[in-house]
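Asker: My structure is below; once you've seen it, I'll send some questions.
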Amino acid sequence: MFKRKVLFFLALIIFLGAIALTVPGWGDVREVATGSYPTLNQYLEEYGEASLPNKYVKVTIDQNLGCFASRDGDEDNKAEYYYIAWLDDSSFIAFKVGEEASKQLDAMADETWKYVDGEITPDQYNSEPYTFVARISDIDNEVARFYRSYVMECGIDESKYVVRYQDLIKADPDVLTVIVDKFLFHIIAAIVSLIVMLNVGGKLRRERKALVSFESSVQDYNPADKVKREPVVSVKQAVSRITFPVISNYYKKAKRGVLISLIIVILGIAVPADLYAYTEFYKPSGGASRVYDMDSNEDYQYLRKKSVAEITTEYYPVVVRSTGSSSADYIVFGQNALVIAEFDDAEYSKAIKAIQEKGKVILHGYCGEISDETAEYAIDYLNSYYEEDYSESDAGNLFGAYSLVIEDSYKGGGVTKSTVETVAIIAIFIVAFTLLGLLIQIAALRKFKKDLTYMSDTEYMGLESALASPQTYKVSEEIYCAERYIVALGGRRMIIPYSDILWTYHKINYQNGVENNNEIVILDKENGAYSLPSLKSGAESKQIIGRVFEIIKSKNPVTRIGYTQDNIKAAAETSV
């Protein structure tokens, strides 16, 4: 009951918190309902160079630097185009529109560049402003890579100009859309917590009405009054006297399970650690020691996959395709060659800083493969930017056979940083699940050995003798009803004297409305409530459980059998 009370009040706190967090967003709903949006310029004046709030605003764009990225449309989604707006406060921000606005914005970009290049004066600037309602949001990483790359291509120095890493997404919001956008998580949290409150509250009410359920009644017992048993032999002595095959096999199997799990945990930690150490301390020799210059025709012919390679460039790499959450493929301009290079965001930032400070950068890494998709995007870029007419078949001649995967620490050992990271991620999941199982196995094994220490040599020999007797009823491979004890191999309590059992009943577990398995639940004087290892579903298991109840009743006539109101009440009132 205590756990349910905690769960109820936790759900109540989440419910009230979810409702409270919706309050600030109702202003947005009101603005959408009335159509009275604030203007972007109001926020520019208020926040200056700081990030703008995630709000719906009315935007008027009269200058932009062109389209820096796009997504093709399909049956489910319309095409998307990303432009860079030159705002009234001389800052820059990305904005996204649909295909219907692209022609007007392309014409505006042409006019903007004529003005920047001095071909026209401010008086001659003639471009129709583009006004729309937009939602200010944080720019996602994939778009940000193209955005940053284009900003540098345009010669915008971020140390002198404010480049906002946010975007304006054209929107036509309605009240329902805004409620879903602003409050979806809060609504879900409120609904889930409300369901939990109703469910748990109903159970608490029913429990009070029916006194208490079996599981909760255990908490009413006074721990000081519970049976306290002291070991009569050491753990080593208890284990050394095991001879009966059933107990011996369980003990060996349990130890083997612990050992296997421990080996998996050790390997899960050691393998990625060894790979990391190998990459860090690898000392190349022979061919692996050679660093090939990808800008040299003489060196290029010796390149192989995973060869150590470099290229020197004075130009900002141009992004052509995002390849992951933190990486993308770029075109690198060497003196004699164009190279496709894969940067993660950290390596790219480091390269840009080196170019800005030193005028050039040496890009170091290993040879990888150029995907067909990357080659296609790279060719499209060259065709659109340099007004060329290359075809996909020209990719090999333009970019060569290999890409350069930028990894400054790579020495040629064949194991890359990405490989180590992938192995480490897989190992973390394996170790986490195995460690959880290992802790459960260790706890069960310790409990088993602890139970054995409570028995004297005479008592234990009597137990093994009873298990070997034809009078012992074998419930399953894990449960045995002997003369004085129930032996449950793998349960919460392994050796259960009949005299300790206060109450037992049959519990049927269901999964998706279908009977899954059967359990014998026991309330005893020492460990409270627990279940014996489960039995499969079916009529046969129910007959077996009925036979177990008969044995328990014959050994301890005062034991209560069955989940009835009388037994629930008696369990709640029992003083152990």
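Following the order of the structure tokens, first chain is A, next is B, and so on, with residues numbered from 1 inside each chain and ligands from 1 in the order they appear.
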With only C-alpha atoms as the counted atoms, please give the residues lying no more than 12 Å from Tyr276 in chain A, apart from itself and same-chain residues fewer than 2 positions off, as a ChimeraX atom specification.

Answerer: /A:269-274,278-282,409-410,413,415-424

Asker: Between A:Ser296, A:Ser469, A:Thr112, A:Ser327, which has the minimum distance to Cys481 in chain A (counting only C-alpha atoms)?

Answerer: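 Nearest candidate to Cys481 in chain A out of A:Ser296, A:Ser469, A:Thr112, A:Ser327: A:Ser469.
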
Asker: Considering only C-alpha atoms, return as a ChimeraX atom specification whatever protein or nucleic-acid residues lie within 12 Å of Tyr43 in chain A, sequence-local ones (same chain, fewer than 2 positions apart) excluded.

Answerer: /A:37-41,45-59,87-89,136

Asker: Kindly provide the residues of range 152-205 of chain A that approach range 8-24 of chain A to within 10 Å, each paired with its closest atom pair and their distance in Å to one decimal, based on only C-alpha atoms, listed by chain and increasing number, as a tab-separated table.

Answerer:
residue	atom	partner	partner_atom	distance
A:Ile179	CA	A:Thr22	CA	9.4
A:Lys182	CA	A:Thr22	CA	7.8
A:Phe183	CA	A:Thr22	CA	6.3
A:Leu184	CA	A:Thr22	CA	9.8
A:Phe185	CA	A:Ala18	CA	8.4
A:His186	CA	A:Ala18	CA	4.9
A:Ile187	CA	A:Ala18	CA	7.2
A:Ile188	CA	A:Ala18	CA	8.9
A:Ala189	CA	A:Ala18	CA	6.4
A:Ala190	CA	A:Phe15	CA	4.7
A:Ile191	CA	A:Phe15	CA	7.8
A:Val192	CA	A:Ala11	CA	8.4
A:Ser193	CA	A:Ala11	CA	4.7
A:Leu194	CA	A:Phe15	CA	6.6
A:Ile195	CA	A:Ala11	CA	8.9
A:Val196	CA	A:Ala11	CA	6.5
A:Met197	CA	A:Phe8	CA	5.3
A:Leu198	CA	A:Phe8	CA	8.6
A:Asn199	CA	A:Phe8	CA	8.9
A:Val200	CA	A:Phe8	CA	6.2
A:Gly201	CA	A:Phe8	CA	6.8
A:Leu204	CA	A:Phe8	CA	9.3

Asker: For Asp172 in chain A, work out the shell of residues within 9 Å, counting only C-alpha atoms and skipping chain neighbours fewer than 2 positions away, then give it as number ranges by chain.

Answerer: A: 132-134, 170, 174

Asker: Return as a ChimeraX atom specification the full set of residues in range 290-536 of chain A whose backbone-based DSSP assignment is alpha helix (DSSP H).

Answerer: /A:297-300,345-358,372-386,395-399,417-453,457-468

Asker: Taking only C-alpha atoms into account, which of A:Leu438, A:Gly546, A:Met461, A:Arg321 comes nearest Asp380 in chain A?

Answerer: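 Selected residue with least distance to Asp380 in chain A: A:Arg321.
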
Asker: Please list as a PyMOL selection string every residue within 12 Å of range 506-512 of chain A, counting only C-alpha atoms and excluding residues in the same chain fewer than 6 positions away.

Answerer: chain A and resi 214+518-522+530-539+541-549+560-564

Asker: Rank A:Asn249, A:Asn336, A:Gln565, A:Ser70 by their smallest atom-to-atom distance to Tyr300 in chain A, using only C-alpha atoms, and report the top residue only.

Answerer: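 Distance minimum relative to Tyr300 in chain A lands on A:Asn336.
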
Asker: For Val320 in chain A, list every protein, DNA or RNA residue within 9 Å, evaluated using only C-alpha atoms, and leave out those in the same chain fewer than 2 positions away; present the list as a PyMOL selection string.

Answerer: chain A and resi 146+318+322+328-331+374-375+377-378+380-381

Asker: Please, could you write that set of residues out with N, CA, C and O atoms as a PDB file, in the first residue's frame?

Answerer:
ATOM      1  N   PHE A 146      25.083  22.939 -43.353  1.00  0.00           N
ATOM      2  CA  PHE A 146      24.974  23.621 -44.641  1.00  0.00           C
ATOM      3  C   PHE A 146      24.931  25.136 -44.447  1.00  0.00           C
ATOM      4  O   PHE A 146      25.517  25.895 -45.226  1.00  0.00           O
ATOM      5  N   VAL A 318      33.393  22.530 -48.413  1.00  0.00           N
ATOM      6  CA  VAL A 318      31.987  22.799 -48.741  1.00  0.00           C
ATOM      7  C   VAL A 318      31.168  21.543 -48.466  1.00  0.00           C
ATOM      8  O   VAL A 318      31.455  20.477 -49.008  1.00  0.00           O
ATOM      9  N   SER A 322      24.897  15.416 -45.375  1.00  0.00           N
ATOM     10  CA  SER A 322      25.012  14.985 -43.990  1.00  0.00           C
ATOM     11  C   SER A 322      24.962  13.464 -43.939  1.00  0.00           C
ATOM     12  O   SER A 322      24.143  12.836 -44.615  1.00  0.00           O
ATOM     13  N   ALA A 328      29.357  14.813 -41.697  1.00  0.00           N
ATOM     14  CA  ALA A 328      28.887  15.148 -43.046  1.00  0.00           C
ATOM     15  C   ALA A 328      30.038  14.991 -44.025  1.00  0.00           C
ATOM     16  O   ALA A 328      31.208  14.975 -43.643  1.00  0.00           O
ATOM     17  N   ASP A 329      29.686  14.859 -45.303  1.00  0.00           N
ATOM     18  CA  ASP A 329      30.672  14.790 -46.376  1.00  0.00           C
ATOM     19  C   ASP A 329      30.848  16.179 -46.989  1.00  0.00           C
ATOM     20  O   ASP A 329      29.863  16.888 -47.246  1.00  0.00           O
ATOM     21  N   TYR A 330      32.109  16.545 -47.234  1.00  0.00           N
ATOM     22  CA  TYR A 330      32.450  17.862 -47.758  1.00  0.00           C
ATOM     23  C   TYR A 330      33.334  17.696 -49.002  1.00  0.00           C
ATOM     24  O   TYR A 330      34.013  16.678 -49.168  1.00  0.00           O
ATOM     25  N   ILE A 331      33.346  18.730 -49.837  1.00  0.00           N
ATOM     26  CA  ILE A 331      34.333  18.827 -50.914  1.00  0.00           C
ATOM     27  C   ILE A 331      35.501  19.651 -50.392  1.00  0.00           C
ATOM     28  O   ILE A 331      35.312  20.762 -49.873  1.00  0.00           O
ATOM     29  N   THR A 374      26.713  10.447 -52.122  1.00  0.00           N
ATOM     30  CA  THR A 374      27.598  11.590 -51.877  1.00  0.00           C
ATOM     31  C   THR A 374      28.174  12.114 -53.186  1.00  0.00           C
ATOM     32  O   THR A 374      28.244  13.331 -53.416  1.00  0.00           O
ATOM     33  N   ALA A 375      28.606  11.202 -54.065  1.00  0.00           N
ATOM     34  CA  ALA A 375      29.145  11.620 -55.361  1.00  0.00           C
ATOM     35  C   ALA A 375      28.106  12.392 -56.165  1.00  0.00           C
ATOM     36  O   ALA A 375      28.415  13.412 -56.809  1.00  0.00           O
ATOM     37  N   TYR A 377      25.537  14.180 -54.985  1.00  0.00           N
ATOM     38  CA  TYR A 377      25.350  15.508 -54.396  1.00  0.00           C
ATOM     39  C   TYR A 377      26.543  16.420 -54.717  1.00  0.00           C
ATOM     40  O   TYR A 377      26.368  17.623 -54.970  1.00  0.00           O
ATOM     41  N   ALA A 378      27.745  15.858 -54.678  1.00  0.00           N
ATOM     42  CA  ALA A 378      28.932  16.665 -54.965  1.00  0.00           C
ATOM     43  C   ALA A 378      28.921  17.163 -56.409  1.00  0.00           C
ATOM     44  O   ALA A 378      29.274  18.314 -56.683  1.00  0.00           O
ATOM     45  N   ASP A 380      26.239  17.599 -58.266  1.00  0.00           N
ATOM     46  CA  ASP A 380      25.174  18.604 -58.358  1.00  0.00           C
ATOM     47  C   ASP A 380      25.675  19.964 -57.874  1.00  0.00           C
ATOM     48  O   ASP A 380      25.341  21.010 -58.453  1.00  0.00           O
ATOM     49  N   TYR A 381      26.487  19.957 -56.812  1.00  0.00           N
ATOM     50  CA  TYR A 381      27.027  21.217 -56.294  1.00  0.00           C
ATOM     51  C   TYR A 381      27.944  21.874 -57.322  1.00  0.00           C
ATOM     52  O   TYR A 381      27.820  23.078 -57.592  1.00  0.00           O
TER      53      TYR A 381
END

Asker: With distances taken over only C-alpha atoms, which residue among A:Ser36, A:Ser326, A:Phe244, A:Asn517 lies nearest Gly462 in chain A?

Answerer: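 Of A:Ser36, A:Ser326, A:Phe244, A:Asn517, the one nearest Gly462 in chain A, counting only C-alpha atoms, is A:Phe244.
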
Asker: Smallest atom-to-atom distance to Tyr348 in chain A: which of A:Ala277, A:Tyr402, A:Arg148, A:Gly490, using only C-alpha atoms?

Answerer: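 Going through A:Ala277, A:Tyr402, A:Arg148, A:Gly490 one by one, the smallest distance to Tyr348 in chain A is for A:Arg148.
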
Asker: Which distance in Å separates CA of Arg241 in chain A and CA of Asp457 in chain A, to one decimal?

Answerer: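 That distance, rounded to one decimal, is 8.1 Å.
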